[in-house]
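entry03.pdb (PDB, C-alpha atoms)
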ATOM      1  CA  MET A   1       0.000   0.000   0.000
ATOM      2  CA  ILE A   2       2.821   2.390   0.914
ATOM      3  CA  ARG A   3       4.638   1.602  -2.377
ATOM      4  CA  ALA A   4       1.459   2.104  -4.394
ATOM      5  CA  ALA A   5       0.802   5.417  -2.690
ATOM      6  CA  SER A   6       4.371   6.551  -3.378
ATOM      7  CA  LEU A   7       4.064   5.667  -7.074
ATOM      8  CA  LEU A   8       0.734   7.502  -7.263
ATOM      9  CA  LEU A   9       2.266  10.581  -5.614
ATOM     10  CA  ALA A  10       5.281  10.504  -7.966
ATOM     11  CA  ALA A  11       3.031  10.177 -11.001
ATOM     12  CA  SER A  12       0.869  13.070  -9.852
ATOM     13  CA  MET A  13       3.948  15.247  -9.265
ATOM     14  CA  LEU A  14       5.344  14.352 -12.701
ATOM     15  CA  GLY A  15       2.014  15.133 -14.290
ATOM     16  CA  GLY A  16       1.958  18.445 -12.499
ATOM     17  CA  CYS A  17       5.459  19.296 -13.778
ATOM     18  CA  ILE A  18       4.479  18.526 -17.349
ATOM     19  CA  SER A  19       1.391  20.689 -17.144
ATOM     20  CA  LEU A  20       3.487  23.636 -15.959
ATOM     21  CA  LEU A  21       5.829  23.606 -18.974
ATOM     22  CA  PRO A  22       5.256  26.522 -21.379
ATOM     23  CA  LYS A  23       3.660  25.779 -24.700
ATOM     24  CA  PRO A  24       6.120  25.665 -27.614
ATOM     25  CA  PRO A  25       6.195  28.828 -29.730
ATOM     26  CA  PRO A  26       4.406  28.711 -33.073
ATOM     27  CA  PRO A  27       6.565  27.804 -36.071
ATOM     28  CA  PRO A  28       8.087  30.798 -37.873
ATOM     29  CA  ARG A  29       6.344  32.224 -40.897
ATOM     30  CA  THR A  30       8.336  31.367 -43.993
ATOM     31  CA  TYR A  31       8.506  33.747 -46.936
ATOM     32  CA  VAL A  32       9.666  33.029 -50.483
ATOM     33  CA  LEU A  33      12.306  35.263 -52.047
ATOM     34  CA  GLU A  34      12.101  34.720 -55.805
ATOM     35  CA  ALA A  35      11.954  36.408 -59.188
ATOM     36  CA  ARG A  36       8.564  37.350 -60.595
ATOM     37  CA  SER A  37       7.582  38.811 -63.959
ATOM     38  CA  VAL A  38      10.521  40.464 -65.723
ATOM     39  CA  GLN A  39      10.277  42.933 -68.590
ATOM     40  CA  PRO A  40      12.502  42.205 -71.633
ATOM     41  CA  LEU A  41      15.266  44.744 -72.115
ATOM     42  CA  GLN A  42      15.603  47.018 -75.097
ATOM     43  CA  GLY A  43      18.987  47.050 -76.780
ATOM     44  CA  ALA A  44      21.226  44.951 -78.983
ATOM     45  CA  PRO A  45      21.589  41.303 -77.924
ATOM     46  CA  VAL A  46      24.882  40.213 -76.395
ATOM     47  CA  ASP A  47      26.132  36.951 -77.894
ATOM     48  CA  ALA A  48      27.706  35.729 -74.684
ATOM     49  CA  VAL A  49      27.018  33.749 -71.531
ATOM     50  CA  ILE A  50      27.195  35.556 -68.205
ATOM     51  CA  ALA A  51      27.797  33.809 -64.882
ATOM     52  CA  ILE A  52      26.336  35.024 -61.603
ATOM     53  CA  ALA A  53      28.556  34.611 -58.558
ATOM     54  CA  GLN A  54      27.020  34.111 -55.157
ATOM     55  CA  PRO A  55      26.918  37.502 -53.449
ATOM     56  CA  THR A  56      29.242  38.277 -50.593
ATOM     57  CA  GLY A  57      28.336  40.431 -47.607
ATOM     58  CA  GLU A  58      27.569  40.296 -43.912
ATOM     59  CA  ARG A  59      26.222  36.963 -42.727
ATOM     60  CA  SER A  60      23.428  38.683 -40.832
ATOM     61  CA  ILE A  61      21.805  39.988 -44.031
ATOM     62  CA  LEU A  62      22.540  36.980 -46.244
ATOM     63  CA  GLY A  63      21.088  34.256 -44.026
ATOM     64  CA  PHE A  64      17.525  33.098 -43.359
ATOM     65  CA  ASP A  65      16.462  36.044 -41.194
ATOM     66  CA  LEU A  66      14.598  39.217 -42.170
ATOM     67  CA  ILE A  67      16.503  42.232 -40.886
ATOM     68  CA  TRP A  68      14.952  45.312 -39.228
ATOM     69  CA  ARG A  69      17.370  48.165 -38.580
ATOM     70  CA  THR A  70      16.921  50.984 -36.081
ATOM     71  CA  ALA A  71      19.764  53.527 -36.266
ATOM     72  CA  ASP A  72      22.925  51.442 -35.759
ATOM     73  CA  THR A  73      21.113  48.447 -34.263
ATOM     74  CA  ILE A  74      19.838  45.502 -36.262
ATOM     75  CA  ALA A  75      17.254  42.976 -35.131
ATOM     76  CA  TYR A  76      15.652  39.905 -36.644
ATOM     77  CA  VAL A  77      11.959  40.091 -37.473
ATOM     78  CA  ASP A  78      10.373  37.829 -34.866
ATOM     79  CA  GLN A  79       8.994  34.435 -35.926
ATOM     80  CA  SER A  80       9.847  35.054 -39.592
ATOM     81  CA  GLN A  81      12.393  33.683 -42.044
ATOM     82  CA  TRP A  82      13.155  33.215 -45.729
ATOM     83  CA  SER A  83      12.540  29.793 -47.264
ATOM     84  CA  ASN A  84      16.164  29.782 -48.463
ATOM     85  CA  ARG A  85      19.345  31.591 -47.490
ATOM     86  CA  ALA A  86      19.159  35.136 -48.834
ATOM     87  CA  ALA A  87      22.536  34.688 -50.548
ATOM     88  CA  ASP A  88      21.281  31.694 -52.543
ATOM     89  CA  ALA A  89      17.912  33.274 -53.290
ATOM     90  CA  LEU A  90      19.416  36.566 -54.484
ATOM     91  CA  GLN A  91      21.827  34.712 -56.765
ATOM     92  CA  GLN A  92      18.951  32.758 -58.305
ATOM     93  CA  ILE A  93      16.791  35.885 -58.677
ATOM     94  CA  LEU A  94      19.564  37.663 -60.585
ATOM     95  CA  ALA A  95      20.222  34.682 -62.867
ATOM     96  CA  GLU A  96      16.520  34.296 -63.704
ATOM     97  CA  THR A  97      16.116  38.026 -64.201
ATOM     98  CA  ILE A  98      18.976  38.226 -66.706
ATOM     99  CA  VAL A  99      17.632  35.213 -68.599
ATOM    100  CA  ASN A 100      14.161  36.752 -68.843
ATOM    101  CA  GLN A 101      15.514  40.171 -69.812
ATOM    102  CA  GLY A 102      16.745  38.426 -72.937
ATOM    103  CA  ARG A 103      19.865  40.314 -73.951
ATOM    104  CA  PHE A 104      22.469  37.671 -73.051
ATOM    105  CA  ARG A 105      22.551  34.329 -74.853
ATOM    106  CA  ALA A 106      22.305  32.662 -71.447
ATOM    107  CA  ALA A 107      22.910  33.237 -67.747
ATOM    108  CA  THR A 108      24.086  30.673 -65.233
ATOM    109  CA  ARG A 109      25.449  30.472 -61.737
ATOM    110  CA  THR A 110      29.229  30.596 -61.437
ATOM    111  CA  GLY A 111      30.797  27.156 -61.835
ATOM    112  CA  GLU A 112      27.905  25.563 -63.719
ATOM    113  CA  ALA A 113      29.083  26.372 -67.267
ATOM    114  CA  ARG A 114      31.701  28.299 -69.180
ATOM    115  CA  ALA A 115      30.926  32.012 -69.433
ATOM    116  CA  GLU A 116      32.430  35.045 -71.148
ATOM    117  CA  TYR A 117      31.409  37.438 -68.387
ATOM    118  CA  GLU A 118      30.700  37.233 -64.675
ATOM    119  CA  VAL A 119      28.758  39.338 -62.186
ATOM    120  CA  ARG A 120      30.592  39.615 -58.881
ATOM    121  CA  TRP A 121      28.751  41.513 -56.213
ATOM    122  CA  GLU A 122      28.696  42.408 -52.561
ATOM    123  CA  VAL A 123      25.338  43.044 -50.917
ATOM    124  CA  LEU A 124      25.844  46.069 -48.692
ATOM    125  CA  ASP A 125      22.258  46.461 -47.443
ATOM    126  CA  PHE A 126      19.219  44.196 -47.450
ATOM    127  CA  GLU A 127      17.058  45.384 -44.597
ATOM    128  CA  VAL A 128      14.056  47.393 -43.461
ATOM    129  CA  ARG A 129      15.001  50.709 -41.898
ATOM    130  CA  GLU A 130      12.934  52.084 -39.059
ATOM    131  CA  GLU A 131      13.870  55.702 -39.800
ATOM    132  CA  ASP A 132      12.022  55.836 -43.126
ATOM    133  CA  MET A 133       9.953  52.608 -43.023
ATOM    134  CA  THR A 134      11.558  51.482 -46.260
ATOM    135  CA  ALA A 135      13.164  48.264 -47.451
ATOM    136  CA  HIS A 136      16.664  48.885 -48.804
ATOM    137  CA  PHE A 137      18.663  46.779 -51.262
ATOM    138  CA  ARG A 138      22.171  48.029 -52.057
ATOM    139  CA  ALA A 139      24.941  46.169 -53.860
ATOM    140  CA  ASP A 140      28.460  46.887 -55.103
ATOM    141  CA  VAL A 141      28.464  45.236 -58.549
ATOM    142  CA  ARG A 142      31.441  44.429 -60.773
ATOM    143  CA  ILE A 143      31.283  42.983 -64.298
ATOM    144  CA  VAL A 144      34.303  40.790 -64.978
ATOM    145  CA  ALA A 145      35.627  39.712 -68.383
ATOM    146  CA  PRO A 146      38.072  36.877 -69.175
ATOM    147  CA  GLY A 147      41.390  37.290 -67.412
ATOM    148  CA  ARG A 148      39.617  38.622 -64.313
ATOM    149  CA  ARG A 149      39.470  42.055 -65.921
ATOM    150  CA  ILE A 150      36.846  44.359 -64.458
ATOM    151  CA  ILE A 151      35.118  46.167 -67.313
ATOM    152  CA  ALA A 152      32.565  48.074 -65.244
ATOM    153  CA  SER A 153      31.494  48.622 -61.641
ATOM    154  CA  ARG A 154      28.556  50.384 -60.036
ATOM    155  CA  ILE A 155      26.635  50.714 -56.796
ATOM    156  CA  ILE A 156      23.032  49.617 -57.347
ATOM    157  CA  ASP A 157      20.578  51.020 -54.786
ATOM    158  CA  THR A 158      16.828  50.342 -54.709
ATOM    159  CA  THR A 159      14.054  50.805 -52.150
ATOM    160  CA  ALA A 160      10.441  49.803 -51.517
ATOM    161  CA  PRO A 161       8.054  51.342 -48.962
ATOM    162  CA  VAL A 162       6.963  49.389 -45.881
ATOM    163  CA  SER A 163       3.383  50.379 -45.100
ATOM    164  CA  ALA A 164       2.956  48.564 -41.765
ATOM    165  CA  ARG A 165       4.878  46.876 -38.967
ATOM    166  CA  SER A 166       4.089  43.415 -40.245
ATOM    167  CA  SER A 167       6.438  40.581 -41.146
ATOM    168  CA  SER A 168       4.507  39.869 -44.348
ATOM    169  CA  VAL A 169       4.641  43.531 -45.405
ATOM    170  CA  ALA A 170       8.365  43.690 -44.596
ATOM    171  CA  ALA A 171       9.084  40.493 -46.546
ATOM    172  CA  ASP A 172       7.122  41.749 -49.547
ATOM    173  CA  ALA A 173       8.956  45.082 -49.555
ATOM    174  CA  LEU A 174      12.366  43.410 -49.269
ATOM    175  CA  ALA A 175      11.518  41.077 -52.141
ATOM    176  CA  ARG A 176      10.361  43.978 -54.324
ATOM    177  CA  ALA A 177      13.551  45.924 -53.616
ATOM    178  CA  ALA A 178      15.660  42.860 -54.455
ATOM    179  CA  ARG A 179      13.797  42.232 -57.713
ATOM    180  CA  GLU A 180      14.171  45.859 -58.801
ATOM    181  CA  GLY A 181      17.849  45.731 -57.874
ATOM    182  CA  SER A 182      18.326  42.564 -59.930
ATOM    183  CA  ALA A 183      16.636  44.190 -62.937
ATOM    184  CA  ARG A 184      19.005  47.152 -62.719
ATOM    185  CA  ILE A 185      22.034  44.880 -62.331
ATOM    186  CA  GLY A 186      20.953  42.890 -65.392
ATOM    187  CA  GLU A 187      20.598  46.045 -67.492
ATOM    188  CA  PHE A 188      23.951  47.363 -66.258
ATOM    189  CA  ALA A 189      25.663  44.044 -67.047
ATOM    190  CA  ALA A 190      24.207  43.869 -70.558
ATOM    191  CA  ASP A 191      25.231  47.445 -71.394
ATOM    192  CA  ALA A 192      28.744  46.872 -70.029
ATOM    193  CA  ALA A 193      29.200  43.620 -71.970
ATOM    194  CA  ALA A 194      27.882  45.198 -75.189
ATOM    195  CA  GLU A 195      30.333  48.083 -74.865
ATOM    196  CA  ALA A 196      33.199  45.688 -74.159
ATOM    197  CA  ALA A 197      32.345  43.621 -77.239
ATOM    198  CA  GLU A 198      32.245  46.735 -79.436
ATOM    199  CA  ALA A 199      35.569  48.107 -78.178
ATOM    200  CA  PRO A 200      37.883  45.691 -80.102
ATOM    201  CA  ALA A 201      35.890  46.246 -83.305
ATOM    202  CA  ALA A 202      36.220  50.006 -82.921
ATOM    203  CA  GLY A 203      39.971  49.666 -82.484
ATOM    204  CA  ASN A 204      40.442  47.781 -85.765
TER     205      ASN A 204
END
Target encoding structure tokens, full file:
Amino acid sequence: MIRAASLLLAASMLGGCISLLPKPPPPPRTYVLEARSVQPLQGAPVDAVIAIAQPTGERSILGFDLIWRTADTIAYVDQSQWSNRAADALQQILAETIVNQGRFRAATRTGEARAEYEVRWEVLDFEVREEDMTAHFRADVRIVAPGRRIIASRIIDTTAPVSARSSSVAADALARAAREGSARIGEFAADAAAEAAEAPAAGN
């Protein structure tokens, strides 16, 4: 009887401990960072393949987290994440954008195929800023020709308004800024490659 009572007391205490544990937090909302509709570019076609390197930059802005910046402090948007690392997603967005813009013969990720040109880029900003409630995408872009020769470089800077303090609104604004930035990088790369291809002909 004493042993049975002890077991009953232990079971009741264990049950009480379990009931006092906090409920697990809800799973994070996952947002997709991808290319959407892309307008074809005007201009002469470039008979070349361009490779897209994976962007470099701070790990905090190129990982899974959505970044919210207040002055010099950055924070992660609570219970929210990208479905893929931002570095991988941004690389894929740029490759798809350049393909759909239609000026290059093809675009690929670096290492997948031989290419005449390469986009090398560092993402400087990819965040929502509290001060102006705007999503910022900023990248230092270099177009590289064979022999690791830089033929053009430019800072590409795009923004998109954030209308509310919501993770879905922030994710949408960041994605729009990234897509606009990719479109501008694609146009810049095509113009730079076209000028580089014309230069030898002009010298003859």
Using only C-alpha atoms, I'd like a table of the residues in segment 100-163 of chain A that come within 12 Å of segment 50-64 of chain A; for each, show the closest atom pair and its distance in Å rounded to one decimal, ordered by chain and ascending number, as JSON lines.
{"residue": "A:Gly102", "atom": "CA", "partner": "A:Ile50", "partner_atom": "CA", "distance": 11.8}
{"residue": "A:Arg103", "atom": "CA", "partner": "A:Ile50", "partner_atom": "CA", "distance": 10.5}
{"residue": "A:Phe104", "atom": "CA", "partner": "A:Ile50", "partner_atom": "CA", "distance": 7.1}
{"residue": "A:Arg105", "atom": "CA", "partner": "A:Ile50", "partner_atom": "CA", "distance": 8.2}
{"residue": "A:Ala106", "atom": "CA", "partner": "A:Ile50", "partner_atom": "CA", "distance": 6.5}
{"residue": "A:Ala107", "atom": "CA", "partner": "A:Ile50", "partner_atom": "CA", "distance": 4.9}
{"residue": "A:Thr108", "atom": "CA", "partner": "A:Ala51", "partner_atom": "CA", "distance": 4.9}
{"residue": "A:Arg109", "atom": "CA", "partner": "A:Ile52", "partner_atom": "CA", "distance": 4.6}
{"residue": "A:Thr110", "atom": "CA", "partner": "A:Ala51", "partner_atom": "CA", "distance": 4.9}
{"residue": "A:Gly111", "atom": "CA", "partner": "A:Ala51", "partner_atom": "CA", "distance": 7.9}
{"residue": "A:Glu112", "atom": "CA", "partner": "A:Ala51", "partner_atom": "CA", "distance": 8.3}
{"residue": "A:Ala113", "atom": "CA", "partner": "A:Ala51", "partner_atom": "CA", "distance": 7.9}
{"residue": "A:Arg114", "atom": "CA", "partner": "A:Ala51", "partner_atom": "CA", "distance": 8.0}
{"residue": "A:Ala115", "atom": "CA", "partner": "A:Ile50", "partner_atom": "CA", "distance": 5.3}
{"residue": "A:Glu116", "atom": "CA", "partner": "A:Ile50", "partner_atom": "CA", "distance": 6.0}
{"residue": "A:Tyr117", "atom": "CA", "partner": "A:Ile50", "partner_atom": "CA", "distance": 4.6}
{"residue": "A:Glu118", "atom": "CA", "partner": "A:Ala51", "partner_atom": "CA", "distance": 4.5}
{"residue": "A:Val119", "atom": "CA", "partner": "A:Ile52", "partner_atom": "CA", "distance": 5.0}
{"residue": "A:Arg120", "atom": "CA", "partner": "A:Ala53", "partner_atom": "CA", "distance": 5.4}
{"residue": "A:Trp121", "atom": "CA", "partner": "A:Pro55", "partner_atom": "CA", "distance": 5.2}
{"residue": "A:Glu122", "atom": "CA", "partner": "A:Thr56", "partner_atom": "CA", "distance": 4.6}
{"residue": "A:Val123", "atom": "CA", "partner": "A:Gly57", "partner_atom": "CA", "distance": 5.2}
{"residue": "A:Leu124", "atom": "CA", "partner": "A:Gly57", "partner_atom": "CA", "distance": 6.3}
{"residue": "A:Asp125", "atom": "CA", "partner": "A:Ile61", "partner_atom": "CA", "distance": 7.3}
{"residue": "A:Phe126", "atom": "CA", "partner": "A:Ile61", "partner_atom": "CA", "distance": 6.0}
{"residue": "A:Glu127", "atom": "CA", "partner": "A:Ile61", "partner_atom": "CA", "distance": 7.2}
{"residue": "A:Val128", "atom": "CA", "partner": "A:Ile61", "partner_atom": "CA", "distance": 10.7}
{"residue": "A:His136", "atom": "CA", "partner": "A:Ile61", "partner_atom": "CA", "distance": 11.3}
{"residue": "A:Phe137", "atom": "CA", "partner": "A:Ile61", "partner_atom": "CA", "distance": 10.4}
{"residue": "A:Arg138", "atom": "CA", "partner": "A:Gly57", "partner_atom": "CA", "distance": 10.7}
{"residue": "A:Ala139", "atom": "CA", "partner": "A:Pro55", "partner_atom": "CA", "distance": 8.9}
{"residue": "A:Asp140", "atom": "CA", "partner": "A:Pro55", "partner_atom": "CA", "distance": 9.7}
{"residue": "A:Val141", "atom": "CA", "partner": "A:Pro55", "partner_atom": "CA", "distance": 9.4}
{"residue": "A:Arg142", "atom": "CA", "partner": "A:Ala53", "partner_atom": "CA", "distance": 10.5}
{"residue": "A:Ile143", "atom": "CA", "partner": "A:Ile50", "partner_atom": "CA", "distance": 9.3}
{"residue": "A:Val144", "atom": "CA", "partner": "A:Ile50", "partner_atom": "CA", "distance": 9.4}
{"residue": "A:Ala145", "atom": "CA", "partner": "A:Ile50", "partner_atom": "CA", "distance": 9.4}
{"residue": "A:Pro146", "atom": "CA", "partner": "A:Ile50", "partner_atom": "CA", "distance": 11.0}
What does the file look like for those residues with C-alpha atoms, as a CSV table (one decimal), in the coordinates of the input?
chain,number,residue,atom,x,y,z
A,102,GLY,CA,16.7,38.4,-72.9
A,103,ARG,CA,19.9,40.3,-74.0
A,104,PHE,CA,22.5,37.7,-73.1
A,105,ARG,CA,22.6,34.3,-74.9
A,106,ALA,CA,22.3,32.7,-71.4
A,107,ALA,CA,22.9,33.2,-67.7
A,108,THR,CA,24.1,30.7,-65.2
A,109,ARG,CA,25.4,30.5,-61.7
A,110,THR,CA,29.2,30.6,-61.4
A,111,GLY,CA,30.8,27.2,-61.8
A,112,GLU,CA,27.9,25.6,-63.7
A,113,ALA,CA,29.1,26.4,-67.3
A,114,ARG,CA,31.7,28.3,-69.2
A,115,ALA,CA,30.9,32.0,-69.4
A,116,GLU,CA,32.4,35.0,-71.1
A,117,TYR,CA,31.4,37.4,-68.4
A,118,GLU,CA,30.7,37.2,-64.7
A,119,VAL,CA,28.8,39.3,-62.2
A,120,ARG,CA,30.6,39.6,-58.9
A,121,TRP,CA,28.8,41.5,-56.2
A,122,GLU,CA,28.7,42.4,-52.6
A,123,VAL,CA,25.3,43.0,-50.9
A,124,LEU,CA,25.8,46.1,-48.7
A,125,ASP,CA,22.3,46.5,-47.4
A,126,PHE,CA,19.2,44.2,-47.4
A,127,GLU,CA,17.1,45.4,-44.6
A,128,VAL,CA,14.1,47.4,-43.5
A,136,HIS,CA,16.7,48.9,-48.8
A,137,PHE,CA,18.7,46.8,-51.3
A,138,ARG,CA,22.2,48.0,-52.1
A,139,ALA,CA,24.9,46.2,-53.9
A,140,ASP,CA,28.5,46.9,-55.1
A,141,VAL,CA,28.5,45.2,-58.5
A,142,ARG,CA,31.4,44.4,-60.8
A,143,ILE,CA,31.3,43.0,-64.3
A,144,VAL,CA,34.3,40.8,-65.0
A,145,ALA,CA,35.6,39.7,-68.4
A,146,PRO,CA,38.1,36.9,-69.2
note = Counting only C-alpha atoms, the residue among A:Ile156, A:Ile67, A:Tyr31, A:Pro24 that lies closest to Ala178 of chain A is A:Ile156
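Nearest residue to Leu90 of chain A, choosing from A:Thr30, A:Ala173, A:Thr159, A:Ala35 and counting only C-alpha atoms: A:Ala35.
Shortest atom-to-atom contact with Glu96 of chain A among A:Asp65, A:Glu34, A:Glu131, A:Asp47: A:Glu34, counting only C-alpha atoms.
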Let me have the centre and edge lengths in Å, one decimal, of the box along x, y and z around every listed atom of segment 95-106 of chain A with 6 Å of margin on each side, as AutoDock Vina command-line options.
--center_x 18.4 --center_y 36.5 --center_z -68.9 --size_x 20.4 --size_y 19.7 --size_z 24.0
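Proximity to Arg129 of chain A was assessed for A:Leu41, A:Val77, A:Ile93, A:Ala199 counting only C-alpha atoms; the smallest distance is recorded for A:Val77.
If you measure from each of A:Thr97, A:Ser168, A:Gln81, A:Ser163 to Pro27 of chain A using only C-alpha atoms, the closest one turns out to be A:Gln81.
Coordinates place atom CA of Asn100 of chain A at a distance of 10.0 Å from atom CA of Arg36 of chain A.
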